[in-house]
Amino acid sequence: MPRTAGQWSLLTHFRREGADRPRLGGRLRTVPSLLLIVLGGAGSALGAQQDRESLKALMQAQVTSATKLEQSPAEAPAVVQVLPRDEIQGFGWETLNELLYAQPGFAPSQDYDRRTVSARGVFEGWNNNHLLLLVDGLPFNEPIYGSALTMAQTPLGMLRSVEVLRGPGSALYGSNAVNGVVSLRTLSYGDLRGSGEARARWGNGGIYGSEGVVGTATARFDLVAAISASGTDGNEYPSRDLSGRMNADGSPASFQVLDHREQRYTLIKLEGTGSLSEWSLQLHDQRWRFNTGHGWIFQIPEVREPMSEARQILVLRWAPEAGPRVSQEVALKLQRHAIDWTQRYAPSGTAGMPGGLWEILRTHATDAFLRVQGSLALGRGSRLLGGLEASRFSYRGDDLHESNVDLNVGGSGLPWSPANEMRPLRPWLEYGLDRPILNTALYLQWNSGSLLGDSLEATLGMRRDHETVDYRSVDLPGAPEGRRTFAQWSPRAALVWKAASNLVFKAMTGRAYRAPAPSELLGANTYSLASNVRGLRAEVVRTTELAMEWATGAGSTWRLNLFRSALVDQIDYSPANNNASANLFSPTTAGLEAEWAYTRGGLKAFANASSARRLDERVGDASITPAPDAITWVPAFTANLGALWRTGRGALSLHLGHQGRVRRRASDVGAYAADRPEAIPAFTTLNVQGSLHLGGGLEASLWARNLANARGHLAKKYDAPFDYRMEGRTWGVALRLAF
């Protein structure tokens, strides 16, 4: 299509989560049935030609995260869903968390100040690193904790689509791809289609923000630049904590949870044209500020903490146009992650610390990643894909690290002096100071194509990772040198049977792993980490899945997936060992994920339900009671129902999300048994968004989250006087201008 220099678009949106209110009442309990009636009535008004076009669109959608080859979701040897830009905008999803919570198999959870994504009945802790985040095919988890940043730090306005692969993906991608892979495709110049758009979104509770995309074309390259900024006062409410502070009358004291958040993101993307068409360059600049909620040792700070982080990522890629037999790619990614934390762990008057506890940290680490990859056509549609990856994590000390308390390894743990002055601490990751972590990996994958016939296709994959961690045991006399090696095989096998043109059955099995993150291995001289460099083992999960996908002639697609997942040596903070990182949990879980997707003319709808059952569990901490026959801390059952209806004048979307009852462990009920219920009650939330075209390319929208102010909580692990309160009703307006 013709290109226009200076073509640009501006996208702006805001979001807010508010206060707590009673659960969704009887008036809205009939919403699911009413919505199904509306969907049926709307569908019956559309013709057979639209049915055929909708079915064709469903079958032609392409994904790449499953095999790095373009395939339809039905034929991919994985359980994978693709969510295009118009659907993300239509439902008003503002974060990857919101998007994932609407998918089967995933559920909201919280640990410390971070909203996390639990999966298939297994609680996800603060690091949220059992998901692998890809951006244009390259791993984008941050390097210190290994976290997939699925909160508002990663904006959705710069994206063309999101692919969600459920289950293990280590055979192609290595560490962290345990619960799934979330693959983001950023906008290219050609996606602007000769027009731009501007969006603005306002809501209650101090919500603000801006997000934009700029595109232009020259004779040598296409340019896209995306800019995002947003913020909110957050989910702030009075709560008890673990400080033991009391009111003047002797009753337990409550304090305001601090949750103010801000985010900034800039993307500059250059894609070569003409003689430079093989090259592309991306620069990502990501910055965010936050507060620690209930506090990092669960003592709510009496002051707001200036906590901020930033990442700069540079990606250079060489990828010649794929030929009929051979394709190849070389990609280099350089990443710098900076931390600037002023942490208030304990308030004034704390026993042994009359001035409270401060720790100030300004530091950074770098990560370099290289991939060389190619594929070869072998005949009859079969293909061999292979690659070599290498990464290098480096920490070279802190810019500033100090506290008013001696937090050094072997230190007193008490204030330096009665004057309460700040003094320097030794390095934050001292075990790994000037000792890079190196990982190399080789992977191969074979797809049978039509070698086994037109209706049967096999995929076999294998990856070998070898990571070395050199360290100094700074907690032992003489700080002797040591080395840890994490060597992992990650196999995968899948068989896809096309029983009919619109009916597919899949059988899949695989092994995935997660290597301990640098923060879990190397932390020292701090209250923010409790590492375990000599004792930690890699986590391993073995998963078997049986899936079916059936696309009917009425615009519907039905999917069923049975899974059995055995996770061994999940890492978490150990209550019995001063919160040191340890291999605590080994749960085995089975479950069913059922979903229905509907596309007919201007109507898109979905419904899904997920149920999980614990088959067994071993726990490596004597203070935690095993739960070998019960799902704890997350719901065993979740369900979602949504619809997006577009007309020539506007759009309307509704999303009902249901979280089932959440059980606790026996060890969670102790000193604070009277402060929270035996189990967390089920709750249902309703999100709505309506848009109207006003003419001249201008669109106005009204949106609301948790419209009925449903009362809901997310589990706080272990024995505590509180759970995390879900956001209450938020609402606002939005404007979008297309030109």
# chains A, B, ... in the order shown; residues from 1 in each chain; ligands from 1
>>> closest_atom_pairs(of="segment 96-208 of chain A", to="segment 254-274 of chain A", cutoff="9 Å", atoms="only C-alpha atoms", output="JSON lines")
{"residue": "A:Asp113", "atom": "CA", "partner": "A:Asp259", "partner_atom": "CA", "distance": 7.5}
{"residue": "A:Ala152", "atom": "CA", "partner": "A:Gln263", "partner_atom": "CA", "distance": 6.9}
{"residue": "A:Gln153", "atom": "CA", "partner": "A:Gln263", "partner_atom": "CA", "distance": 5.6}
{"residue": "A:Thr154", "atom": "CA", "partner": "A:Tyr265", "partner_atom": "CA", "distance": 7.5}
{"residue": "A:Pro155", "atom": "CA", "partner": "A:Tyr265", "partner_atom": "CA", "distance": 7.4}
{"residue": "A:Met158", "atom": "CA", "partner": "A:Leu267", "partner_atom": "CA", "distance": 8.1}
{"residue": "A:Leu187", "atom": "CA", "partner": "A:Lys269", "partner_atom": "CA", "distance": 8.9}
{"residue": "A:Ser188", "atom": "CA", "partner": "A:Lys269", "partner_atom": "CA", "distance": 7.9}
{"residue": "A:Tyr189", "atom": "CA", "partner": "A:Glu271", "partner_atom": "CA", "distance": 8.5}
>>> residues_around(residues="Gly356 of chain A", least_positions_apart="3", cutoff="10 Å", atoms="only C-alpha atoms", output="number ranges by chain")
A: 301, 344-353, 404-405, 415, 420
>>> write_last_selection(atoms="C-alpha atoms", output="short mmCIF file (atom, residue, chain, number, x, y, z; two decimals), in the first residue's frame")
data_model
loop_
_atom_site.label_atom_id
_atom_site.label_comp_id
_atom_site.auth_asym_id
_atom_site.auth_seq_id
_atom_site.Cartn_x
_atom_site.Cartn_y
_atom_site.Cartn_z
CA PRO A 301 5.04 1.51 56.19
CA ARG A 344 10.84 1.18 54.98
CA TYR A 345 10.66 -2.33 56.42
CA ALA A 346 9.67 -1.50 59.99
CA PRO A 347 8.14 1.61 61.60
CA SER A 348 9.59 3.67 64.41
CA GLY A 349 9.23 2.06 67.79
CA THR A 350 9.92 -1.48 66.55
CA ALA A 351 11.54 -3.64 69.24
CA GLY A 352 15.32 -3.34 68.96
CA MET A 353 14.97 -0.69 66.25
CA ASN A 404 20.42 2.43 59.61
CA VAL A 405 20.73 -1.21 60.75
CA PRO A 415 21.10 -0.24 64.60
CA ASN A 420 20.24 5.98 64.00
#
>>> closest_residue(among="A:Leu737, A:Asp111, A:Arg534, A:Arg464", to="Arg484 of chain A", atoms="only C-alpha atoms")
A:Arg534
>>> atom_distance(atom1="atom CA of Ser556 of chain A", atom2="atom CA of Thr599 of chain A")
6.5 Å
>>> closest_atom_pairs(of="segment 92-173 of chain A", to="segment 334-338 of chain A", cutoff="12 Å", atoms="only C-alpha atoms", output="CSV")
residue,atom,partner,partner_atom,distance
A:Leu138,CA,A:Leu334,CA,11.4
A:Pro139,CA,A:Gln335,CA,11.0
A:Phe140,CA,A:Gln335,CA,9.2
A:Asn141,CA,A:Gln335,CA,10.3
A:Glu142,CA,A:His337,CA,7.2
A:Pro143,CA,A:His337,CA,7.2
A:Ile144,CA,A:His337,CA,7.6
A:Tyr145,CA,A:His337,CA,10.4
A:Gly146,CA,A:His337,CA,11.2
A:Ser147,CA,A:His337,CA,11.9
>>> write_last_selection(atoms="N, CA and C atoms", output="tab-separated table (two decimals), in the first residue's frame")
chain	number	residue	atom	x	y	z
A	138	LEU	N	11.44	-12.92	21.15
A	138	LEU	CA	12.61	-12.97	22.04
A	138	LEU	C	12.17	-12.91	23.50
A	139	PRO	N	12.87	-13.62	24.41
A	139	PRO	CA	12.49	-13.62	25.83
A	139	PRO	C	12.68	-12.24	26.45
A	140	PHE	N	11.66	-11.79	27.20
A	140	PHE	CA	11.67	-10.44	27.77
A	140	PHE	C	11.45	-10.45	29.28
A	141	ASN	N	11.60	-11.60	29.96
A	141	ASN	CA	11.56	-11.56	31.41
A	141	ASN	C	12.72	-10.72	31.93
A	142	GLU	N	12.48	-10.00	33.02
A	142	GLU	CA	13.58	-9.17	33.53
A	142	GLU	C	14.65	-10.09	34.14
A	143	PRO	N	15.92	-9.67	34.17
A	143	PRO	CA	17.01	-10.61	34.44
A	143	PRO	C	17.31	-10.89	35.91
A	144	ILE	N	16.92	-10.01	36.85
A	144	ILE	CA	17.34	-10.19	38.24
A	144	ILE	C	16.45	-11.21	38.96
A	145	TYR	N	15.15	-11.04	38.85
A	145	TYR	CA	14.20	-11.98	39.45
A	145	TYR	C	13.67	-12.99	38.44
A	146	GLY	N	13.88	-12.75	37.17
A	146	GLY	CA	13.33	-13.63	36.14
A	146	GLY	C	11.84	-13.44	35.93
A	147	SER	N	11.29	-12.30	36.35
A	147	SER	CA	9.85	-12.09	36.32
A	147	SER	C	9.34	-11.74	34.93
